[in-house]
>>> print(open('input01.csv').read())   # CSV, C-alpha atoms
chain,number,residue,atom,x,y,z
A,1,MET,CA,41.3,32.7,-26.0
A,2,GLU,CA,43.1,30.8,-23.3
A,3,GLU,CA,41.1,28.3,-21.4
A,4,ILE,CA,41.1,28.6,-17.6
A,5,ASP,CA,41.9,25.2,-16.0
A,6,LEU,CA,40.6,24.2,-12.5
A,7,PHE,CA,43.8,25.1,-10.8
A,8,LYS,CA,43.8,28.7,-12.0
A,9,LEU,CA,40.1,28.9,-11.3
A,10,GLY,CA,40.7,27.7,-7.8
A,11,LEU,CA,43.1,30.6,-7.2
A,12,PHE,CA,40.4,33.1,-7.2
A,13,ILE,CA,37.1,31.2,-6.4
A,14,GLU,CA,37.0,29.4,-3.1
A,15,GLU,CA,33.3,28.2,-3.1
A,16,ASP,CA,31.9,25.3,-5.0
A,17,ILE,CA,30.6,26.1,-8.4
A,18,VAL,CA,28.6,24.4,-11.2
A,19,LEU,CA,29.2,25.8,-14.7
A,20,ILE,CA,26.8,25.7,-17.6
A,21,PRO,CA,28.9,25.4,-20.7
A,22,GLU,CA,27.2,28.3,-22.5
A,23,GLU,CA,27.7,30.7,-19.6
A,24,ALA,CA,31.1,29.4,-18.3
A,25,LYS,CA,33.4,31.9,-20.0
A,26,GLU,CA,31.2,34.9,-19.1
A,27,LEU,CA,30.9,33.7,-15.4
A,28,LEU,CA,34.5,32.9,-15.0
A,29,LEU,CA,35.6,36.3,-16.2
A,30,ALA,CA,33.0,38.2,-14.2
A,31,ARG,CA,34.0,36.3,-11.0
A,32,LYS,CA,37.6,36.9,-11.7
A,33,PHE,CA,37.2,40.6,-11.9
A,34,ASN,CA,34.8,40.8,-8.9
A,35,LYS,CA,36.3,38.3,-6.5
A,36,TYR,CA,40.0,38.4,-7.2
A,37,LYS,CA,41.5,40.1,-4.1
A,38,THR,CA,45.0,41.4,-3.6
A,39,ASP,CA,45.4,39.2,-0.6
A,40,LEU,CA,45.1,36.1,-2.8
A,41,PRO,CA,48.8,35.9,-3.8
A,42,SER,CA,49.8,35.5,-0.1
A,43,GLN,CA,47.8,32.3,-0.1
A,44,ASN,CA,49.7,31.1,-3.1
A,45,SER,CA,53.0,29.1,-2.5
A,46,LYS,CA,54.6,31.4,-5.1
A,47,ALA,CA,53.7,34.6,-3.3
A,48,ASP,CA,57.0,36.3,-4.0
A,49,GLU,CA,56.7,35.5,-7.7
A,50,PRO,CA,54.8,38.1,-9.8
A,51,LEU,CA,51.6,36.8,-11.3
A,52,ALA,CA,52.5,38.3,-14.6
A,53,SER,CA,55.1,35.6,-15.1
A,54,GLN,CA,52.3,33.0,-14.9
A,55,GLY,CA,50.5,34.4,-17.9
A,56,GLU,CA,48.0,36.6,-16.2
A,57,GLY,CA,48.7,39.7,-14.1
A,58,THR,CA,47.4,41.6,-11.3
A,59,LEU,CA,48.7,44.9,-10.0
A,60,ALA,CA,47.8,46.0,-6.5
A,61,VAL,CA,47.3,49.7,-6.1
A,62,GLU,CA,46.9,51.2,-2.6
A,63,ASN,CA,43.9,53.5,-2.2
A,64,ASN,CA,44.8,56.7,-0.2
A,65,GLU,CA,41.3,57.0,1.1
A,66,SER,CA,41.1,53.5,2.7
A,67,SER,CA,43.0,50.4,3.3
A,68,LEU,CA,41.2,48.7,0.4
A,69,SER,CA,43.3,48.2,-2.7
A,70,ALA,CA,42.3,48.2,-6.4
A,71,THR,CA,43.7,45.8,-8.9
A,72,ILE,CA,44.2,45.9,-12.6
A,73,ASP,CA,43.6,42.4,-13.8
A,74,TYR,CA,45.0,41.7,-17.2
A,75,GLU,CA,45.8,38.9,-19.6
A,76,GLY,CA,49.3,38.6,-20.9
A,77,GLU,CA,52.7,39.1,-19.3
A,78,PHE,CA,53.2,42.8,-20.0
A,79,GLY,CA,56.8,42.2,-21.2
A,80,LYS,CA,57.1,45.3,-23.4
A,81,GLY,CA,55.0,47.6,-21.4
A,82,LEU,CA,52.1,47.8,-23.9
A,83,MET,CA,48.6,48.1,-22.4
A,84,VAL,CA,45.8,47.2,-24.7
A,85,ILE,CA,42.3,48.1,-23.6
A,86,TYR,CA,39.3,46.7,-25.4
A,87,GLN,CA,35.6,47.8,-25.2
A,88,GLY,CA,33.3,45.6,-23.1
A,89,ASN,CA,33.7,42.8,-20.5
A,90,LEU,CA,34.7,39.9,-22.7
A,91,LEU,CA,36.7,39.8,-26.0
A,92,PRO,CA,35.2,37.2,-28.3
A,93,ASP,CA,37.6,34.6,-29.7
A,94,GLU,CA,37.3,36.0,-33.2
A,95,LEU,CA,38.2,39.5,-32.1
A,96,LYS,CA,41.0,38.2,-29.9
A,97,ASP,CA,42.5,36.3,-32.9
A,98,PHE,CA,42.2,39.5,-34.9
A,99,LEU,CA,43.9,41.6,-32.2
A,100,LEU,CA,46.7,39.0,-31.9
A,101,LYS,CA,47.3,39.3,-35.7
A,102,ILE,CA,47.5,43.0,-35.4
A,103,LEU,CA,50.0,42.7,-32.6
A,104,ARG,CA,52.1,40.2,-34.5
A,105,ALA,CA,52.3,42.7,-37.4
A,106,VAL,CA,54.0,45.1,-34.9
A,107,SER,CA,56.3,42.4,-33.4
A,108,HIS,CA,54.2,42.0,-30.2
A,109,SER,CA,52.4,39.0,-28.7
A,110,LEU,CA,50.3,38.3,-25.6
A,111,LYS,CA,53.6,38.0,-23.7
A,112,ASP,CA,54.4,41.6,-24.4
A,113,ILE,CA,51.1,43.2,-23.4
A,114,ALA,CA,48.6,43.7,-20.6
A,115,LEU,CA,45.1,43.0,-22.2
A,116,VAL,CA,42.5,44.8,-20.1
A,117,SER,CA,38.7,45.0,-20.3
A,118,SER,CA,37.3,48.5,-20.4
A,119,THR,CA,34.5,47.3,-18.0
A,120,HIS,CA,37.1,46.3,-15.5
A,121,LEU,CA,39.2,49.5,-16.0
A,122,GLU,CA,36.2,51.8,-15.6
A,123,SER,CA,35.9,50.7,-11.9
A,124,LEU,CA,39.4,51.9,-11.2
A,125,ASP,CA,40.9,55.4,-11.0
A,126,HIS,CA,43.8,56.8,-13.1
A,127,SER,CA,46.4,55.9,-10.4
A,128,ALA,CA,45.9,52.2,-11.1
A,129,ILE,CA,47.3,52.8,-14.6
A,130,LYS,CA,50.1,54.9,-13.3
A,131,LYS,CA,51.2,52.1,-11.0
A,132,LEU,CA,51.2,49.6,-13.8
A,133,ASN,CA,53.5,52.1,-15.7
A,134,PRO,CA,52.8,51.3,-19.3
A,135,HIS,CA,55.0,52.8,-22.0
A,136,LYS,CA,52.3,52.7,-24.6
A,137,VAL,CA,48.5,52.4,-24.3
A,138,LEU,CA,46.3,51.2,-27.2
A,139,VAL,CA,42.5,51.8,-26.6
A,140,PHE,CA,39.9,50.1,-28.8
A,141,GLY,CA,36.3,51.5,-28.5
A,142,ARG,CA,34.6,53.7,-25.9
A,143,LEU,CA,36.1,54.1,-22.4
A,144,ASN,CA,34.4,55.7,-19.5
A,145,HIS,CA,37.6,56.4,-17.5
A,146,PRO,CA,39.7,59.5,-16.8
A,147,LEU,CA,42.1,58.2,-19.4
A,148,ALA,CA,39.6,59.0,-22.1
A,149,HIS,CA,40.3,62.8,-21.7
A,150,LEU,CA,43.6,62.2,-23.4
A,151,LYS,CA,41.8,61.4,-26.7
A,152,GLU,CA,42.3,64.1,-29.3
A,153,ALA,CA,41.2,62.1,-32.4
A,154,ASN,CA,41.0,58.4,-33.3
A,155,TYR,CA,44.1,56.9,-34.9
A,156,GLU,CA,46.4,59.7,-33.8
A,157,VAL,CA,49.3,59.2,-31.4
A,158,THR,CA,49.0,61.3,-28.2
A,159,THR,CA,51.7,61.6,-25.7
A,160,GLU,CA,51.5,62.6,-22.0
A,161,LYS,CA,54.3,62.2,-19.5
A,162,ASP,CA,56.4,59.8,-21.6
A,163,VAL,CA,53.4,57.5,-22.3
A,164,GLU,CA,52.1,57.3,-25.9
A,165,TYR,CA,48.4,56.6,-26.6
A,166,ILE,CA,46.3,55.6,-29.6
A,167,PHE,CA,42.6,55.6,-29.4
A,168,ALA,CA,40.8,53.6,-32.1
A,169,ASP,CA,37.3,52.4,-32.9
A,170,ASP,CA,35.9,49.2,-31.3
A,171,LEU,CA,37.7,46.1,-32.5
A,172,GLN,CA,34.4,44.7,-34.0
A,173,ILE,CA,34.0,47.8,-36.2
A,174,ILE,CA,37.6,47.7,-37.3
A,175,PHE,CA,37.3,43.9,-38.0
A,176,GLU,CA,34.4,44.6,-40.4
A,177,GLU,CA,35.7,47.7,-42.2
A,178,GLU,CA,38.7,47.5,-44.5
A,179,ASN,CA,39.3,51.3,-44.5
A,180,LEU,CA,39.6,51.3,-40.7
A,181,LYS,CA,42.1,48.4,-40.8
A,182,ARG,CA,44.3,50.5,-43.1
A,183,LYS,CA,43.8,53.6,-40.9
A,184,LEU,CA,44.8,51.6,-37.8
A,185,TRP,CA,47.8,50.1,-39.6
A,186,LYS,CA,49.1,53.6,-40.6
A,187,SER,CA,48.8,54.9,-37.0
A,188,LEU,CA,50.4,51.7,-35.6
A,189,GLN,CA,53.4,52.3,-38.0
A,190,VAL,CA,53.9,55.7,-36.4
A,191,PHE,CA,53.2,54.3,-32.9
A,192,PHE,CA,55.8,51.5,-33.1
A,193,ASN,CA,58.2,53.4,-35.5
A,194,ILE,CA,57.7,50.9,-38.3
A,195,ASN,CA,58.9,51.7,-41.9
A,196,LYS,CA,57.2,49.2,-44.2
>>> encode(input="input01.csv", output="C-alpha cells")
Amino acid sequence: MEEIDLFKLGLFIEEDIVLIPEEAKELLLARKFNKYKTDLPSQNSKADEPLASQGEGTLAVENNESSLSATIDYEGEFGKGLMVIYQGNLLPDELKDFLLKILRAVSHSLKDIALVSSTHLESLDHSAIKKLNPHKVLVFGRLNHPLAHLKEANYEVTTEKDVEYIFADDLQIIFEEENLKRKLWKSLQVFFNINK
C-alpha cells in the first residue's frame, strides 16, 4: 500500500493533526473520503492537471438537486478504464498485494485502474460511476449501491451499455480458498479475452 507523505496529506487536511501510528492509516483514509472536497484542486498550483496523473484520482460529479458535488476518490491512474471495487473501507496490505498479482496476470497494474472502496462508493449514486466512464468494472464482495442490481451470478461477465462487469466474492475469501482463485481466473480470462 502506498504511503501518504505530508505533502499529499496537506492537500486534503488543513487543520493540525497528531497521528497515533496504529490508527494512522485508518484515520488518513477516513479523512480523505470525508474531507476531500472538489474545490481543493483549485487551491493546488496544478489545478488544470488531472489528479489521476498524480497517482490518485478524484472525479467531480455535479448533483442535479443541489450545487454540492459528489466525488469518486480512487487510488491508481485509471489508464485502461478498469474500475476495481473492494469490500470495506480499507484494503489490508496483504490483500492489496494479492489484488495487484491478479491484475499483473491480466496485464494491468495500479496505473491502469481506479481502486475504489465500497464504503466510499455506497455514499454516491450511479451517476458518479457513469461520469467516471469505466470500460470494465470488477467488484469484490458485497456492495450496497445501485450497481449491485447488475449482478446475475458471481464470476460471470455481465454487460450493460458497453460496460462489462464481474462480481466476485470478497478478496479475503478468494485469498483463502484455492477453488475460488481458479474460478476467478477463469472468469478473468473471459473478461480480458485471455487465451492461456
>>> closest_residue(input="input01.csv", among="A:Leu121, A:Leu110, A:Leu171, A:Val139", to="Glu94 (chain A)", atoms="only C-alpha atoms")
A:Leu171
>>> atom_distance(input="input01.csv", atom1="CA of Asp170 (chain A)", atom2="CA of Leu95 (chain A)")
10.0 Å
>>> residues_around(input="input01.csv", residues="region 144-152 of chain A", least_positions_apart="4", cutoff="12 Å", atoms="all atoms listed in the file", output="PyMOL selection string")
chain A and resi 85-88+117-130+137-140+156-161+163-169
>>> write_last_selection(input="input01.csv", atoms="C-alpha atoms", output="PDB file, in the coordinates of the input")
ATOM      1  CA  ILE A  85      42.300  48.100 -23.600  1.00  0.00           C
ATOM      2  CA  TYR A  86      39.300  46.700 -25.400  1.00  0.00           C
ATOM      3  CA  GLN A  87      35.600  47.800 -25.200  1.00  0.00           C
ATOM      4  CA  GLY A  88      33.300  45.600 -23.100  1.00  0.00           C
ATOM      5  CA  SER A 117      38.700  45.000 -20.300  1.00  0.00           C
ATOM      6  CA  SER A 118      37.300  48.500 -20.400  1.00  0.00           C
ATOM      7  CA  THR A 119      34.500  47.300 -18.000  1.00  0.00           C
ATOM      8  CA  HIS A 120      37.100  46.300 -15.500  1.00  0.00           C
ATOM      9  CA  LEU A 121      39.200  49.500 -16.000  1.00  0.00           C
ATOM     10  CA  GLU A 122      36.200  51.800 -15.600  1.00  0.00           C
ATOM     11  CA  SER A 123      35.900  50.700 -11.900  1.00  0.00           C
ATOM     12  CA  LEU A 124      39.400  51.900 -11.200  1.00  0.00           C
ATOM     13  CA  ASP A 125      40.900  55.400 -11.000  1.00  0.00           C
ATOM     14  CA  HIS A 126      43.800  56.800 -13.100  1.00  0.00           C
ATOM     15  CA  SER A 127      46.400  55.900 -10.400  1.00  0.00           C
ATOM     16  CA  ALA A 128      45.900  52.200 -11.100  1.00  0.00           C
ATOM     17  CA  ILE A 129      47.300  52.800 -14.600  1.00  0.00           C
ATOM     18  CA  LYS A 130      50.100  54.900 -13.300  1.00  0.00           C
ATOM     19  CA  VAL A 137      48.500  52.400 -24.300  1.00  0.00           C
ATOM     20  CA  LEU A 138      46.300  51.200 -27.200  1.00  0.00           C
ATOM     21  CA  VAL A 139      42.500  51.800 -26.600  1.00  0.00           C
ATOM     22  CA  PHE A 140      39.900  50.100 -28.800  1.00  0.00           C
ATOM     23  CA  GLU A 156      46.400  59.700 -33.800  1.00  0.00           C
ATOM     24  CA  VAL A 157      49.300  59.200 -31.400  1.00  0.00           C
ATOM     25  CA  THR A 158      49.000  61.300 -28.200  1.00  0.00           C
ATOM     26  CA  THR A 159      51.700  61.600 -25.700  1.00  0.00           C
ATOM     27  CA  GLU A 160      51.500  62.600 -22.000  1.00  0.00           C
ATOM     28  CA  LYS A 161      54.300  62.200 -19.500  1.00  0.00           C
ATOM     29  CA  VAL A 163      53.400  57.500 -22.300  1.00  0.00           C
ATOM     30  CA  GLU A 164      52.100  57.300 -25.900  1.00  0.00           C
ATOM     31  CA  TYR A 165      48.400  56.600 -26.600  1.00  0.00           C
ATOM     32  CA  ILE A 166      46.300  55.600 -29.600  1.00  0.00           C
ATOM     33  CA  PHE A 167      42.600  55.600 -29.400  1.00  0.00           C
ATOM     34  CA  ALA A 168      40.800  53.600 -32.100  1.00  0.00           C
ATOM     35  CA  ASP A 169      37.300  52.400 -32.900  1.00  0.00           C
TER      36      ASP A 169
END
>>> atom_distance(input="input01.csv", atom1="CA of Asp162 (chain A)", atom2="CA of Leu90 (chain A)")
29.5 Å
>>> atom_distance(input="input01.csv", atom1="CA of Trp185 (chain A)", atom2="CA of Leu99 (chain A)")
11.9 Å
>>> residues_around(input="input01.csv", residues="Val106 (chain A)", least_positions_apart="2", cutoff="10 Å", atoms="all atoms listed in the file", output="PyMOL selection string")
chain A and resi 100-104+108-109+185+188-189+191-194
>>> closest_residue(input="input01.csv", among="A:His135, A:Arg182, A:Lys80, A:Arg142", to="Ser107 (chain A)", atoms="all atoms listed in the file")
A:Lys80
>>> closest_residue(input="input01.csv", among="A:Leu115, A:Gly81, A:Glu178, A:Ser187", to="Lys96 (chain A)", atoms="all atoms listed in the file")
A:Leu115
>>> closest_residue(input="input01.csv", among="A:Val190, A:Ile113, A:Leu184, A:Leu132", to="Glu77 (chain A)", atoms="only C-alpha atoms")
A:Ile113
>>> axis_aligned_box(input="input01.csv", around="region 191-194 of chain A", padding_each_side="6 Å", output="AutoDock Vina command-line options")
--center_x 55.7 --center_y 52.6 --center_z -35.6 --size_x 17.0 --size_y 15.4 --size_z 17.4
